[in-house]
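Peer 1: Contents are PDB, C-alpha atoms (C1' of nucleotides); file name run.pdb:
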```
MODEL        1
ATOM      1  CA  MET X  57     -11.659   4.577 -31.716
ATOM      2  CA  ALA X  58     -10.303   5.521 -28.327
ATOM      3  CA  GLU X  59     -10.378   3.249 -25.332
ATOM      4  CA  PRO X  60     -12.645   3.980 -22.411
ATOM      5  CA  ASP X  61     -11.249   6.332 -19.763
ATOM      6  CA  PHE X  62     -11.643   3.808 -17.046
ATOM      7  CA  ILE X  63      -8.988   1.470 -18.353
ATOM      8  CA  LEU X  64      -5.972   1.693 -16.097
ATOM      9  CA  ARG X  65      -3.007   0.504 -18.103
ATOM     10  CA  GLU X  66       0.216  -0.704 -16.551
ATOM     11  CA  ASN X  67       2.030   2.569 -16.877
ATOM     12  CA  CYS X  68      -0.736   5.073 -16.485
ATOM     13  CA  PRO X  69      -0.223   7.909 -14.002
ATOM     14  CA  GLN X  70      -2.921   6.518 -11.746
ATOM     15  CA  ARG X  71      -0.886   3.402 -11.217
ATOM     16  CA  ARG X  72       2.416   5.166 -10.977
ATOM     17  CA  ILE X  73       1.239   7.460  -8.221
ATOM     18  CA  HIS X  74       0.848   4.374  -6.102
ATOM     19  CA  TYR X  75       4.570   4.351  -5.678
ATOM     20  CA  ILE X  76       4.285   6.797  -2.817
ATOM     21  CA  LEU X  77       1.176   5.132  -1.460
ATOM     22  CA  ASN X  78       2.468   1.581  -1.427
ATOM     23  CA  GLY X  79       4.898   1.766   1.419
ATOM     24  CA  LYS X  80       3.231   1.670   4.788
ATOM     25  CA  TRP X  81       5.000   4.838   5.916
ATOM     26  CA  THR X  82       6.089   6.763   2.845
ATOM     27  CA  SER X  83       3.170   9.117   2.554
ATOM     28  CA  MET X  84       3.048   9.714   6.273
ATOM     29  CA  VAL X  85       6.703  10.646   6.382
ATOM     30  CA  LEU X  86       6.157  13.126   3.582
ATOM     31  CA  SER X  87       3.131  14.519   5.327
ATOM     32  CA  VAL X  88       4.991  15.045   8.576
ATOM     33  CA  LEU X  89       7.841  16.761   6.789
ATOM     34  CA  SER X  90       5.390  19.125   5.179
ATOM     35  CA  TYR X  91       5.224  20.848   8.559
ATOM     36  CA  GLY X  92       8.873  21.770   8.280
ATOM     37  CA  PRO X  93      12.378  20.325   8.482
ATOM     38  CA  MET X  94      12.724  17.707  11.147
ATOM     39  CA  ARG X  95      15.311  15.600  12.885
ATOM     40  CA  THR X  96      15.264  11.824  12.932
ATOM     41  CA  GLY X  97      14.072  11.619  16.497
ATOM     42  CA  GLN X  98      11.262  14.061  15.869
ATOM     43  CA  LEU X  99      10.055  12.037  12.915
ATOM     44  CA  GLU X 100      10.184   8.920  15.010
ATOM     45  CA  ARG X 101       8.020  10.492  17.688
ATOM     46  CA  ALA X 102       5.645  11.910  15.085
ATOM     47  CA  LEU X 103       4.929   8.411  13.826
ATOM     48  CA  PRO X 104       4.174   6.269  16.856
ATOM     49  CA  GLY X 105       4.745   2.623  16.098
ATOM     50  CA  ILE X 106       7.297   3.017  13.336
ATOM     51  CA  SER X 107      10.406   0.918  13.777
ATOM     52  CA  LYS X 108      13.862   2.360  13.439
ATOM     53  CA  LYS X 109      14.419   0.188  10.418
ATOM     54  CA  MET X 110      11.330   1.334   8.576
ATOM     55  CA  LEU X 111      12.000   4.955   9.375
ATOM     56  CA  THR X 112      15.510   4.826   7.931
ATOM     57  CA  GLN X 113      14.437   2.732   4.987
ATOM     58  CA  THR X 114      11.581   5.052   4.123
ATOM     59  CA  LEU X 115      13.755   8.116   4.474
ATOM     60  CA  ARG X 116      16.363   6.635   2.139
ATOM     61  CA  GLU X 117      13.702   5.891  -0.434
ATOM     62  CA  VAL X 118      12.234   9.358  -0.489
ATOM     63  CA  GLU X 119      15.724  10.754  -0.461
ATOM     64  CA  ASN X 120      16.674   8.623  -3.465
ATOM     65  CA  GLY X 121      13.509   9.735  -5.180
ATOM     66  CA  GLY X 122      14.580  13.330  -4.744
ATOM     67  CA  LEU X 123      11.614  14.131  -2.564
ATOM     68  CA  VAL X 124      13.538  14.768   0.610
ATOM     69  CA  HIS X 125      16.826  16.430   1.387
ATOM     70  CA  ARG X 126      19.079  15.048   4.089
ATOM     71  CA  GLU X 127      21.450  17.361   5.859
ATOM     72  CA  VAL X 128      24.092  16.144   8.267
ATOM     73  CA  PHE X 129      25.489  18.391  10.979
ATOM     74  CA  HIS X 130      28.851  17.195  12.180
ATOM     75  CA  VAL X 131      28.420  17.827  15.843
ATOM     76  CA  VAL X 132      28.237  15.695  18.929
ATOM     77  CA  PRO X 133      25.846  14.173  19.408
ATOM     78  CA  PRO X 134      25.206  13.696  15.687
ATOM     79  CA  LYS X 135      22.386  15.709  14.175
ATOM     80  CA  VAL X 136      20.607  14.991  10.918
ATOM     81  CA  GLU X 137      17.810  17.025   9.489
ATOM     82  CA  TYR X 138      15.327  16.087   6.807
ATOM     83  CA  SER X 139      13.309  18.458   4.686
ATOM     84  CA  LEU X 140      11.151  18.369   1.591
ATOM     85  CA  THR X 141      12.681  19.307  -1.741
ATOM     86  CA  PRO X 142      10.658  21.308  -4.261
ATOM     87  CA  LEU X 143       9.700  18.040  -5.925
ATOM     88  CA  GLY X 144       8.711  16.646  -2.547
ATOM     89  CA  ILE X 145       6.510  19.650  -1.932
ATOM     90  CA  ARG X 146       4.659  18.946  -5.164
ATOM     91  CA  PHE X 147       3.924  15.413  -4.050
ATOM     92  CA  VAL X 148       2.677  16.506  -0.681
ATOM     93  CA  GLU X 149      -0.024  18.554  -2.323
ATOM     94  CA  PRO X 150      -2.322  15.656  -3.299
ATOM     95  CA  LEU X 151      -1.438  13.825  -0.117
ATOM     96  CA  SER X 152      -2.548  16.701   2.015
ATOM     97  CA  ALA X 153      -5.786  16.841   0.117
ATOM     98  CA  LEU X 154      -6.309  13.174   0.810
ATOM     99  CA  TYR X 155      -5.501  13.560   4.489
ATOM    100  CA  ASP X 156      -7.727  16.584   4.799
ATOM    101  CA  TRP X 157     -10.541  14.571   3.331
ATOM    102  CA  ALA X 158      -9.872  11.838   5.860
ATOM    103  CA  LYS X 159     -10.001  14.301   8.739
ATOM    104  CA  ASP X 160     -13.241  15.770   7.467
ATOM    105  CA  ASN X 161     -14.815  12.390   6.858
ATOM    106  CA  ALA X 162     -13.974  10.390   9.927
ATOM    107  CA  ALA X 163     -17.619   9.322  10.027
ATOM    108  CA  ALA X 164     -17.290   7.618   6.669
ATOM    109  CA  LEU X 165     -14.189   5.838   7.916
ATOM    110  CA  ASP X 166     -16.123   4.686  10.974
ATOM    111  CA  GLU X 167     -18.868   3.365   8.779
ATOM    112  CA  LEU X 168     -16.426   1.487   6.587
ATOM    113  CA  GLU X 169     -14.721  -0.079   9.573
ATOM    114  CA  ASP X 170     -18.000  -1.006  11.210
ATOM    115  CA  ASN X 171     -19.074  -2.752   8.050
ATOM    116  CA  LEU X 172     -15.835  -4.679   7.869
ATOM    117  CA  ARG X 173     -16.075  -5.676  11.507
ATOM    118  CA  ARG X 174     -19.626  -6.893  11.117
ATOM    119  CA  SER X 175     -18.791  -8.901   8.046
ATOM    120  CA  ALA X 176     -15.831 -10.465   9.827
ATOM    121  CA  GLU X 177     -18.047 -11.435  12.738
ATOM    122  CA  ALA X 178     -20.628 -12.923  10.457
ATOM    123  CA  ALA X 179     -17.923 -14.948   8.757
ATOM    124  CA  SER X 180     -16.582 -16.326  12.019
ATOM    125  CA  LYS X 181     -20.098 -17.287  13.126
ATOM    126  CA  GLN X 182     -20.119 -19.669  10.204
ATOM    127  CA  GLY X 183     -17.210 -21.620  11.572
ATOM    128  CA  GLU X 184     -18.812 -22.304  14.960
TER     129      GLU X 184
ATOM    130  CA  MET M  88      -0.923  22.183  25.807
ATOM    131  CA  ALA M  89      -1.958  20.548  22.596
ATOM    132  CA  GLU M  90       0.250  18.260  20.575
ATOM    133  CA  PRO M  91       1.663  19.355  17.270
ATOM    134  CA  ASP M  92      -0.556  18.779  14.250
ATOM    135  CA  PHE M  93       2.030  16.672  12.531
ATOM    136  CA  ILE M  94       1.821  13.798  14.972
ATOM    137  CA  LEU M  95       0.058  10.902  13.285
ATOM    138  CA  ARG M  96      -1.301   8.682  16.026
ATOM    139  CA  GLU M  97      -2.231   5.071  15.504
ATOM    140  CA  ASN M  98      -5.908   5.726  14.979
ATOM    141  CA  CYS M  99      -5.896   9.088  13.345
ATOM    142  CA  PRO M 100      -7.931   9.509  10.150
ATOM    143  CA  GLN M 101      -4.784   9.949   8.103
ATOM    144  CA  ARG M 102      -3.718   6.456   9.002
ATOM    145  CA  ARG M 103      -7.135   4.942   8.713
ATOM    146  CA  ILE M 104      -7.640   6.180   5.179
ATOM    147  CA  HIS M 105      -4.735   3.974   4.217
ATOM    148  CA  TYR M 106      -7.083   1.051   4.401
ATOM    149  CA  ILE M 107      -8.261   1.728   0.880
ATOM    150  CA  LEU M 108      -4.788   2.649  -0.318
ATOM    151  CA  ASN M 109      -2.918  -0.341   1.022
ATOM    152  CA  GLY M 110      -4.228  -3.069  -1.202
ATOM    153  CA  LYS M 111      -2.541  -3.092  -4.561
ATOM    154  CA  TRP M 112      -5.860  -2.936  -6.384
ATOM    155  CA  THR M 113      -8.476  -1.586  -4.005
ATOM    156  CA  SER M 114      -8.389   2.034  -5.025
ATOM    157  CA  MET M 115      -8.145   1.193  -8.708
ATOM    158  CA  VAL M 116     -11.188  -1.030  -8.518
ATOM    159  CA  LEU M 117     -13.138   1.758  -6.871
ATOM    160  CA  SER M 118     -11.920   4.204  -9.454
ATOM    161  CA  VAL M 119     -12.996   2.022 -12.343
ATOM    162  CA  LEU M 120     -16.405   1.512 -10.796
ATOM    163  CA  SER M 121     -16.836   5.247 -10.518
ATOM    164  CA  TYR M 122     -17.454   5.190 -14.273
ATOM    165  CA  GLY M 123     -20.549   3.118 -13.729
ATOM    166  CA  PRO M 124     -21.737  -0.384 -12.856
ATOM    167  CA  MET M 125     -19.590  -3.063 -14.361
ATOM    168  CA  ARG M 126     -19.426  -6.796 -14.826
ATOM    169  CA  THR M 127     -16.584  -8.949 -13.583
ATOM    170  CA  GLY M 128     -15.083  -9.415 -17.018
ATOM    171  CA  GLN M 129     -15.170  -5.709 -17.739
ATOM    172  CA  LEU M 130     -13.376  -4.965 -14.508
ATOM    173  CA  GLU M 131     -10.792  -7.559 -15.367
ATOM    174  CA  ARG M 132     -10.138  -5.965 -18.716
ATOM    175  CA  ALA M 133     -10.065  -2.505 -17.192
ATOM    176  CA  LEU M 134      -7.200  -3.552 -14.933
ATOM    177  CA  PRO M 135      -4.639  -5.266 -17.142
ATOM    178  CA  GLY M 136      -2.431  -7.540 -15.112
ATOM    179  CA  ILE M 137      -4.808  -8.249 -12.273
ATOM    180  CA  SER M 138      -5.188 -11.921 -11.457
ATOM    181  CA  LYS M 139      -8.547 -13.550 -11.042
ATOM    182  CA  LYS M 140      -7.771 -14.163  -7.421
ATOM    183  CA  MET M 141      -6.940 -10.563  -6.613
ATOM    184  CA  LEU M 142      -9.934  -9.262  -8.486
ATOM    185  CA  THR M 143     -12.344 -11.425  -6.529
ATOM    186  CA  GLN M 144     -10.559 -10.843  -3.269
ATOM    187  CA  THR M 145     -10.560  -7.088  -3.721
ATOM    188  CA  LEU M 146     -14.195  -7.063  -4.738
ATOM    189  CA  ARG M 147     -15.130  -9.060  -1.644
ATOM    190  CA  GLU M 148     -13.291  -6.629   0.557
ATOM    191  CA  VAL M 149     -14.919  -3.518  -0.810
ATOM    192  CA  GLU M 150     -18.230  -5.316  -0.747
ATOM    193  CA  ASN M 151     -17.734  -6.224   2.909
ATOM    194  CA  GLY M 152     -16.777  -2.651   3.610
ATOM    195  CA  GLY M 153     -20.077  -1.519   2.153
ATOM    196  CA  LEU M 154     -18.401   0.409  -0.627
ATOM    197  CA  VAL M 155     -19.607  -1.740  -3.468
ATOM    198  CA  HIS M 156     -22.858  -3.490  -4.227
ATOM    199  CA  ARG M 157     -22.869  -6.894  -5.875
ATOM    200  CA  GLU M 158     -25.854  -7.929  -7.918
ATOM    201  CA  VAL M 159     -26.282 -11.398  -9.303
ATOM    202  CA  PHE M 160     -28.450 -12.062 -12.336
ATOM    203  CA  HIS M 161     -29.560 -15.639 -12.489
ATOM    204  CA  VAL M 162     -29.175 -16.228 -16.159
ATOM    205  CA  VAL M 163     -26.998 -18.427 -18.289
ATOM    206  CA  PRO M 164     -24.218 -17.707 -18.619
ATOM    207  CA  PRO M 165     -24.048 -16.210 -15.120
ATOM    208  CA  LYS M 166     -23.919 -12.436 -14.893
ATOM    209  CA  VAL M 167     -22.733 -10.402 -11.925
ATOM    210  CA  GLU M 168     -22.643  -6.656 -11.765
ATOM    211  CA  TYR M 169     -20.755  -4.441  -9.363
ATOM    212  CA  SER M 170     -21.564  -0.847  -8.536
ATOM    213  CA  LEU M 171     -20.592   1.758  -5.989
ATOM    214  CA  THR M 172     -22.812   2.300  -2.982
ATOM    215  CA  PRO M 173     -23.403   5.832  -1.666
ATOM    216  CA  LEU M 174     -20.607   5.211   0.824
ATOM    217  CA  GLY M 175     -18.385   4.012  -1.973
ATOM    218  CA  ILE M 176     -19.095   7.141  -3.927
ATOM    219  CA  ARG M 177     -17.887   9.216  -1.016
ATOM    220  CA  PHE M 178     -14.602   7.359  -0.961
ATOM    221  CA  VAL M 179     -14.065   7.765  -4.649
ATOM    222  CA  GLU M 180     -14.092  11.512  -4.266
ATOM    223  CA  PRO M 181     -10.603  11.886  -2.741
ATOM    224  CA  LEU M 182      -9.303   9.076  -4.928
ATOM    225  CA  SER M 183     -10.372  10.832  -8.074
ATOM    226  CA  ALA M 184      -8.675  13.970  -6.872
ATOM    227  CA  LEU M 185      -5.497  12.001  -6.357
ATOM    228  CA  TYR M 186      -5.724  10.369  -9.755
ATOM    229  CA  ASP M 187      -6.468  13.659 -11.438
ATOM    230  CA  TRP M 188      -3.369  15.088  -9.845
ATOM    231  CA  ALA M 189      -1.373  12.151 -11.153
ATOM    232  CA  LYS M 190      -2.652  12.667 -14.671
ATOM    233  CA  ASP M 191      -1.841  16.373 -14.515
ATOM    234  CA  ASN M 192       1.596  15.794 -13.053
ATOM    235  CA  ALA M 193       3.037  12.976 -15.060
ATOM    236  CA  ALA M 194       6.212  15.031 -15.378
ATOM    237  CA  ALA M 195       6.705  14.962 -11.628
ATOM    238  CA  LEU M 196       6.222  11.213 -11.679
ATOM    239  CA  ASP M 197       8.833  10.934 -14.417
ATOM    240  CA  GLU M 198      11.247  12.965 -12.370
ATOM    241  CA  LEU M 199      10.693  10.818  -9.305
ATOM    242  CA  GLU M 200      11.239   7.636 -11.267
ATOM    243  CA  ASP M 201      14.327   8.975 -12.982
ATOM    244  CA  ASN M 202      15.802   9.862  -9.627
ATOM    245  CA  LEU M 203      15.114   6.412  -8.285
ATOM    246  CA  ARG M 204      16.597   4.767 -11.328
ATOM    247  CA  ARG M 205      19.731   6.838 -11.143
ATOM    248  CA  SER M 206      20.203   6.127  -7.480
ATOM    249  CA  ALA M 207      19.741   2.422  -8.120
ATOM    250  CA  GLU M 208      22.374   2.511 -10.845
ATOM    251  CA  ALA M 209      24.788   4.384  -8.638
ATOM    252  CA  ALA M 210      24.266   1.784  -5.943
ATOM    253  CA  SER M 211      24.959  -1.116  -8.277
ATOM    254  CA  LYS M 212      28.147   0.589  -9.519
ATOM    255  CA  GLN M 213      29.454   0.238  -5.997
ATOM    256  CA  GLY M 214      29.239  -3.507  -6.122
ATOM    257  CA  GLU M 215      31.338  -3.890  -9.273
TER     258      GLU M 215
ATOM    259  C1'  DC O  49     -18.894 -16.333 -17.084
ATOM    260  C1'  DT O  50     -17.954 -16.134 -12.335
ATOM    261  C1'  DG O  51     -16.039 -17.887  -8.365
ATOM    262  C1'  DT O  52     -13.438 -20.954  -4.934
ATOM    263  C1'  DA O  53      -9.485 -23.423  -2.961
ATOM    264  C1'  DT O  54      -4.561 -24.513  -2.751
ATOM    265  C1'  DC O  55      -0.117 -24.202  -2.986
ATOM    266  C1'  DC O  56       3.818 -21.331  -3.483
ATOM    267  C1'  DA O  57       6.894 -17.337  -4.197
ATOM    268  C1'  DA O  58       8.021 -12.883  -3.139
ATOM    269  C1'  DA O  59       7.757  -8.638  -0.760
ATOM    270  C1'  DA O  60       7.158  -5.827   3.190
ATOM    271  C1'  DT O  61       7.661  -5.190   7.936
ATOM    272  C1'  DG O  62       9.396  -5.789  12.599
ATOM    273  C1'  DA O  63      12.644  -7.018  16.635
ATOM    274  C1'  DT O  64      17.062  -6.867  18.035
ATOM    275  C1'  DA O  65      21.881  -6.310  18.622
ATOM    276  C1'  DC O  66      25.631  -3.640  17.319
ATOM    277  C1'  DT O  67      28.576   0.684  15.556
ATOM    278  C1'  DG O  68      30.329   5.559  15.270
TER     279       DG O  68
ATOM    280  C1'  DC A 298      21.537  10.575  18.307
ATOM    281  C1'  DA A 299      21.615   8.320  14.045
ATOM    282  C1'  DG A 300      22.321   4.439  11.421
ATOM    283  C1'  DT A 301      23.456  -0.498   9.845
ATOM    284  C1'  DA A 302      22.925  -5.457   9.585
ATOM    285  C1'  DT A 303      20.633  -9.655  10.347
ATOM    286  C1'  DC A 304      17.134 -12.745  11.164
ATOM    287  C1'  DA A 305      12.356 -14.111  11.599
ATOM    288  C1'  DT A 306       7.834 -13.268  10.548
ATOM    289  C1'  DT A 307       3.816 -11.699   8.429
ATOM    290  C1'  DT A 308       1.453 -10.223   4.461
ATOM    291  C1'  DT A 309       0.631 -10.087  -0.070
ATOM    292  C1'  DG A 310       0.248 -11.568  -4.467
ATOM    293  C1'  DG A 311       0.023 -14.837  -8.348
ATOM    294  C1'  DA A 312      -0.520 -19.526 -10.907
ATOM    295  C1'  DT A 313      -3.301 -23.190 -11.313
ATOM    296  C1'  DA A 314      -6.889 -26.543 -11.157
ATOM    297  C1'  DC A 315     -11.513 -27.144 -10.295
ATOM    298  C1'  DA A 316     -16.797 -26.133  -9.781
ATOM    299  C1'  DG A 317     -21.499 -24.091 -10.441
TER     300       DG A 317
ENDMDL
END
```
What do you get writing this file as structure tokens?
Peer 2:
Amino acid sequence: MAEPDFILRENCPQRRIHYILNGKWTSMVLSVLSYGPMRTGQLERALPGISKKMLTQTLREVENGGLVHREVFHVVPPKVEYSLTPLGIRFVEPLSALYDWAKDNAAALDELEDNLRRSAEAASKQGE
Amino acid sequence: MAEPDFILRENCPQRRIHYILNGKWTSMVLSVLSYGPMRTGQLERALPGISKKMLTQTLREVENGGLVHREVFHVVPPKVEYSLTPLGIRFVEPLSALYDWAKDNAAALDELEDNLRRSAEAASKQGE
DNA sequence: CTGTATCCAAAATGATACTG
DNA sequence: CAGTATCATTTTGGATACAG
């Protein structure tokens, strides 16, 4: 007798996909790179608020995962270009779908955030 | 002159959707509930490894966000049932797509994890 | 069975100064 | 321009004991 579909075991694909969702910036870096190869500085400007440390760290991770290719041009000033690998392109697919949904459903996001705000206010009222 | 599409500003939908992706369990809880209303204990068993604290905390969050409805039955022993609200159902849509992709692309996940493992081994070789 | 409160450990992120 | 290293901080998660 098979287990119900809704059980999410420790090593099921649904949990494993969270690898690219866990990091605060990972999926956004991949998404930006889906628009084409980009230099470090461009990536930095495409992700307002990211720190230099997190940018480098995230890029190393996706590079280690084989999702992104790093190419160094030995010129002055130094130039480094990042681009998606074929594997990286596969992973961008579901991410783009998710982001497209987000763009098309900003109203739902508003609603969610309004609800959270209201519930936070209600909670703080208690403490007065 | 408009900005490039790939710029992800602080309050763009692509960043805001990460609200439901950030928590370690949030999206999985929603996914499980998409199979139908469920009691606390069922949810716990559907998510092996989740602690009681995280389960409650996650449920409170999605409840506050208006994604999940909590219904208490005043019986002994106590019974509480959770179910998706209409808003919650909307959010499950892109999540299911993501999870379906993961199930269909386990090979890509393997490849990613192999790459990461290899790069970790290579890194530790350095330190010997 | 369901839920709360604490205390604690670990992980993720950020600011900054420095190097080639 | 690109990257490293370090330190401090914040966030997150989990174990446990207790309560209705």
Peer 1: Run the PyMOL selection byres ((chain A) within 12 of (chain X)) mentally over the shown coordinates, then write out the matched residues as a list in words, using the chain letters and numbers from the document.
Peer 2: DC298, DA299, DG300, DT301, DA302, DT303 and DT309 of chain A
Peer 1: Go ahead and compute the interatomic distance for CA of Thr172 (chain M) and CA of Asn98 (chain M), in Å to one decimal.
Peer 2: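 Value for the CA of Thr172 (chain M)-CA of Asn98 (chain M) distance: 24.9 Å.
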Peer 1: Report, in Å with one decimal, the straight-line distance from CA of Ser138 (chain M) to CA of Lys80 (chain X).
Peer 2: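 Distance reported for this atom pair: 22.8 Å.
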Peer 1: So the first atom is CA of Leu146 (chain M) and the second is CA of Arg96 (chain M); what is the distance between them in Å, to one decimal place?
Peer 2: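 Result for CA of Leu146 (chain M) versus CA of Arg96 (chain M): 29.1 Å, one decimal.
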Peer 1: Which residues fall under the PyMOL selection byres ((chain X and resi 127) around 10) in this file, as a list in words?
Peer 2: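 Against this file, the PyMOL selection byres ((chain X and resi 127) around 10) returns the residues Pro93, Arg95, Val124, His125, Arg126, Val128, Phe129, His130, Lys135, Val136, Glu137, Tyr138 and Ser139 of chain X.
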Peer 1: Would you please work out which residue, of X:Ser83, X:Ile76, X:Leu172, X:Gly144, is nearest to chain M when using all atoms listed in the file?
Peer 2: X:Leu172
Peer 1: Counting all atoms listed in the file, which residue out of M:Gln101, M:Glu200, M:Leu134, M:Val149 sits closest to Ala153 (chain X)?
Peer 2: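 That would be M:Gln101, the residue with the smallest distance to Ala153 (chain X).
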Peer 1: Counting only C-alpha atoms (C1' of nucleotides), which residues from chain O have an atom at most 9 Å from any atom of chain X, and could you show them as number ranges by chain?
Peer 2: O: 60-63
Peer 1: For the PyMOL selection byres ((chain M) within 7 of (chain X)), applied here, can you spell out every residue it catches as a ChimeraX atom specification?
Peer 2: /M:93-97,100-101,104,108-109,119,122,133-135,151-153,181,185-186,188-190,193,199-200,202-203,206
Peer 1: Please work out which residues fall within 12 Å of (4.3, -23.2, -4.0), coordinates as given in the file, with only C-alpha atoms (C1' of nucleotides) counting, and return them as a list of chain:residue names.
Peer 2: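 The requested residues, written out, are O:DT54, O:DC55, O:DC56, O:DA57, O:DA58, A:DG311, A:DA312, A:DT313.
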Peer 1: Around all of region 82-97 of chain X's listed atoms, make the axis-aligned box with 6 Å on each side and tell me centre and edge lengths in Å to one decimal, as lines of an AutoDock Vina configuration file.
Peer 2:
```
center_x = 9.2
center_y = 14.3
center_z = 9.5
size_x = 24.3
size_y = 27.0
size_z = 25.9
```
